[in-house]
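Visitor: One structure is given below, represented as structure tokens, and several questions about it will come after.
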Amino acid sequence: MYEPKPEHKFTFGLWTVGSVGRDPFGEPVRQPLSPVELVHLLAEVGAYGVNFHDNDLVPIDATPAERDRIVAEFKKALAETGLVVPMATTNLFSDPVFKDGAFTSNDPRVRAYALQKTMRAIDLGVELGARVYVFWGGREGVETDAAKDPVEAIKRTREAMNFLCEYVLDQGYDLKFALEAKPNEPRGDIYNATTGHMLAFIETLDHPEMVGVNPEVAHEHMAGLNFLHAVAQAWEAGKLFHIDLNDQAFGRYDQDLRFGSHNIKSAFFLVKFLEDVGYEGSRHFDAHAYRTEDYEGVKDFARGCMRTYLILKEKAEQWNADPEIQALLAEINADDGSTDAFKGAYSAEKAAALKAASFDRVALGRRGLAYERLDQLTMEILLGVR
Ligand code: GLT
Ligand code: MN
Ligand code: MN
């Protein structure tokens, strides 16, 4: 009943199911699997697609011949399993060369190398079918503001994005960029810390139409923010090009938990939003299994992400069809028409009429809104008793 199907567009990064469970305090707990093995694992659990960083697939020091062999094997695994590659990205954070950032590094040679690496990674992503290209600037930040001028950092990021947009246009690629914000980790503070920052930044680019966002549940939660509101703002602006689904306890380190495993109500309203508005992009799970798991546990993790999404999708349909909820919504949004004359665009006449109108402020303030009842009905649907 909750079986994943291609139309659900469930995708995983190679780095997600491929995580070997290394953390700042501990060594890997799982043997690494090859990209080909990971494609087969994802096919086994029913995923639709697989995404990757350049170096998840091709090691940073591979020769051109090695690259070609790896890419050919990967393409064969995709053909065998039917998996697609909707998104690709660049690793601009693991190698020591990026310890002070890539596009925002103080060293112009590092900035140039980051551009070169990204152009090559874009070529690789496009070769494998990617239509969305993600930028997550994990190292684009500081531990001390003595180190970098934050205005300069924004200018360097803009210069890089403008350069890469022109590169994509020049190549004739059908590719959109999606910028992914994160407030901190691995840097003390990362520039353009939230999806809201990114949305403002995008409008300053030479080709804003090519660039949107890739919001991630955990990253907005790390900033103490309401993820749904970030997603809704991106959607309303026509900028929701991709989404990273996972979970995260507020106030903790970067956890990347299985989707819906921690904040059930937030996950519910998120799924309901994506389904209600008809978001057509990938549902990408950027998370990893607990460090306690072997690869059977990794499959449980991946299946759990998709299954929870589909359960919440069904709950959203139930919520939308619930007569009592709908009656409450109708009451909440009722309009007696008494303010029709003031609605819409400004005119001097409207403003004058509105200034002269009288309102029963006390009565308006006394009205009960029944949100307690509405939320309890929501909880009862989620808890399975309704
Ligand atoms: C990294 C990060 C994610 C980003 C990935 C894309 S890599 O795991 O934690 O949030 O989406 O670069
Ligand atoms: Mn993350
Ligand atoms: Mn992510």
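Just remember, in the structure tokens the first chain shown is A, the second B, etc., residues are 1-based per chain, and ligands are 1-based in the order shown.
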Would you kindly return, as an MDAnalysis selection string, each protein, DNA or RNA residue with an atom no farther than 12 Å from any atom of Asn106 (chain A), considering only C-alpha atoms and excluding same-chain residues fewer than 4 positions away?
Guide: chainID A and resid 97:102 110:112 140:142 147:150 152:153 156:157
Visitor: Do you know which residues are within 6 Å of ligand 3 using only C-alpha atoms and all ligand atoms? Can you write them as a list in words?
Guide: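 Going residue by residue within 6 Å of ligand 3, we get Glu216, Asp244 and Asp286 of chain A.
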Visitor: For the residues selected in the previous step, produce a file with N, CA and C atoms as a PDB file, in the first residue's frame.
Guide:
```
ATOM      1  N   GLU A 216      16.587  22.345   3.016  1.00  0.00           N
ATOM      2  CA  GLU A 216      16.700  21.059   3.735  1.00  0.00           C
ATOM      3  C   GLU A 216      16.092  21.191   5.125  1.00  0.00           C
ATOM      4  N   ASP A 244      15.512  18.806   0.090  1.00  0.00           N
ATOM      5  CA  ASP A 244      16.229  17.778   0.848  1.00  0.00           C
ATOM      6  C   ASP A 244      15.426  17.424   2.087  1.00  0.00           C
ATOM      7  N   ASP A 286      17.983  13.440   1.966  1.00  0.00           N
ATOM      8  CA  ASP A 286      19.385  13.724   2.300  1.00  0.00           C
ATOM      9  C   ASP A 286      19.574  13.401   3.779  1.00  0.00           C
TER      10      ASP A 286
END
```
Visitor: Write out as a VMD selection string each polymer residue (protein, DNA or RNA) that has an atom no more than 8 Å from ligand 2, with only C-alpha atoms and all ligand atoms counted.
Guide: chain A and resid 182 216 218 to 219 244 254 to 256 286 to 287
Visitor: Go ahead and write the residues just picked, C-alpha atoms, as a PDB file, in the first residue's frame.
Guide:
```pdb
ATOM      1  CA  LYS A 182      22.871  25.772   6.172  1.00  0.00           C
ATOM      2  CA  GLU A 216      16.700  21.059   3.735  1.00  0.00           C
ATOM      3  CA  ALA A 218      17.512  19.811   9.124  1.00  0.00           C
ATOM      4  CA  HIS A 219      19.212  23.026   8.066  1.00  0.00           C
ATOM      5  CA  ASP A 244      16.229  17.778   0.848  1.00  0.00           C
ATOM      6  CA  ASP A 254      23.579  18.083  12.403  1.00  0.00           C
ATOM      7  CA  GLN A 255      21.708  14.772  12.658  1.00  0.00           C
ATOM      8  CA  ASP A 256      20.367  13.974   9.153  1.00  0.00           C
ATOM      9  CA  ASP A 286      19.385  13.724   2.300  1.00  0.00           C
ATOM     10  CA  ALA A 287      19.817  11.676   5.441  1.00  0.00           C
TER      11      ALA A 287
END
```
Visitor: For ligand 1, return the neighbouring residues as a list in words (distance at most 7 Å; only C-alpha atoms and all ligand atoms).
Guide: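 Listed by chain and ascending number, the contacts are Trp15, His53, Thr89, Thr90, Asn91, Val134, Phe135, Trp136, Glu180, Glu216, Asp244 and Asp286 of chain A.
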Visitor: Using backbone DSSP assignments, extract all strand (DSSP E) residues from region 192-282 of chain A; output them as an mmCIF file with N, CA, C and O atoms, in the first residue's frame.
Guide:
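Wrote out_31.cif, looks like this:
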```
data_model
loop_
_atom_site.group_PDB
_atom_site.id
_atom_site.type_symbol
_atom_site.label_atom_id
_atom_site.label_comp_id
_atom_site.auth_asym_id
_atom_site.auth_seq_id
_atom_site.Cartn_x
_atom_site.Cartn_y
_atom_site.Cartn_z
ATOM 1 N N VAL A 211 18.233 30.210 -11.298
ATOM 2 C CA VAL A 211 18.687 29.824 -9.957
ATOM 3 C C VAL A 211 17.524 29.809 -8.961
ATOM 4 O O VAL A 211 16.780 30.784 -8.861
ATOM 5 N N GLY A 212 17.389 28.692 -8.260
ATOM 6 C CA GLY A 212 16.386 28.560 -7.201
ATOM 7 C C GLY A 212 17.039 28.007 -5.954
ATOM 8 O O GLY A 212 18.250 28.140 -5.768
ATOM 9 N N VAL A 213 16.239 27.373 -5.097
ATOM 10 C CA VAL A 213 16.782 26.881 -3.829
ATOM 11 C C VAL A 213 16.536 25.382 -3.649
ATOM 12 O O VAL A 213 15.664 24.791 -4.299
ATOM 13 N N ASP A 244 15.512 18.806 0.090
ATOM 14 C CA ASP A 244 16.229 17.778 0.848
ATOM 15 C C ASP A 244 15.426 17.424 2.087
ATOM 16 O O ASP A 244 15.275 18.244 3.011
ATOM 17 N N LEU A 245 14.922 16.198 2.099
ATOM 18 C CA LEU A 245 14.064 15.744 3.194
ATOM 19 C C LEU A 245 14.877 14.902 4.184
ATOM 20 O O LEU A 245 15.608 13.992 3.780
#
```
Visitor: Just list as number ranges by chain whatever in region 74-260 of chain A DSSP marks as alpha helix (DSSP H).
Guide: A: 74-81, 108-127, 150-171, 195-202, 217-222, 227-236
Visitor: With only C-alpha atoms as the counted atoms, please give the residues lying no more than 10 Å from region 248-251 of chain A, apart from itself and same-chain residues fewer than 6 positions off, as a count of residues only.
Guide: 17
Visitor: Pick from A:Arg386, A:Arg109, A:Arg373, A:His288: nearest to Thr16 (chain A), with only C-alpha atoms counted?
Guide: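 The shortest atom-to-atom distance to Thr16 (chain A) comes from A:His288.
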Visitor: CA of Glu44 (chain A) and CA of Met306 (chain A) are how many Å apart?
Guide: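 Distance between the two atoms: 13.0 Å.
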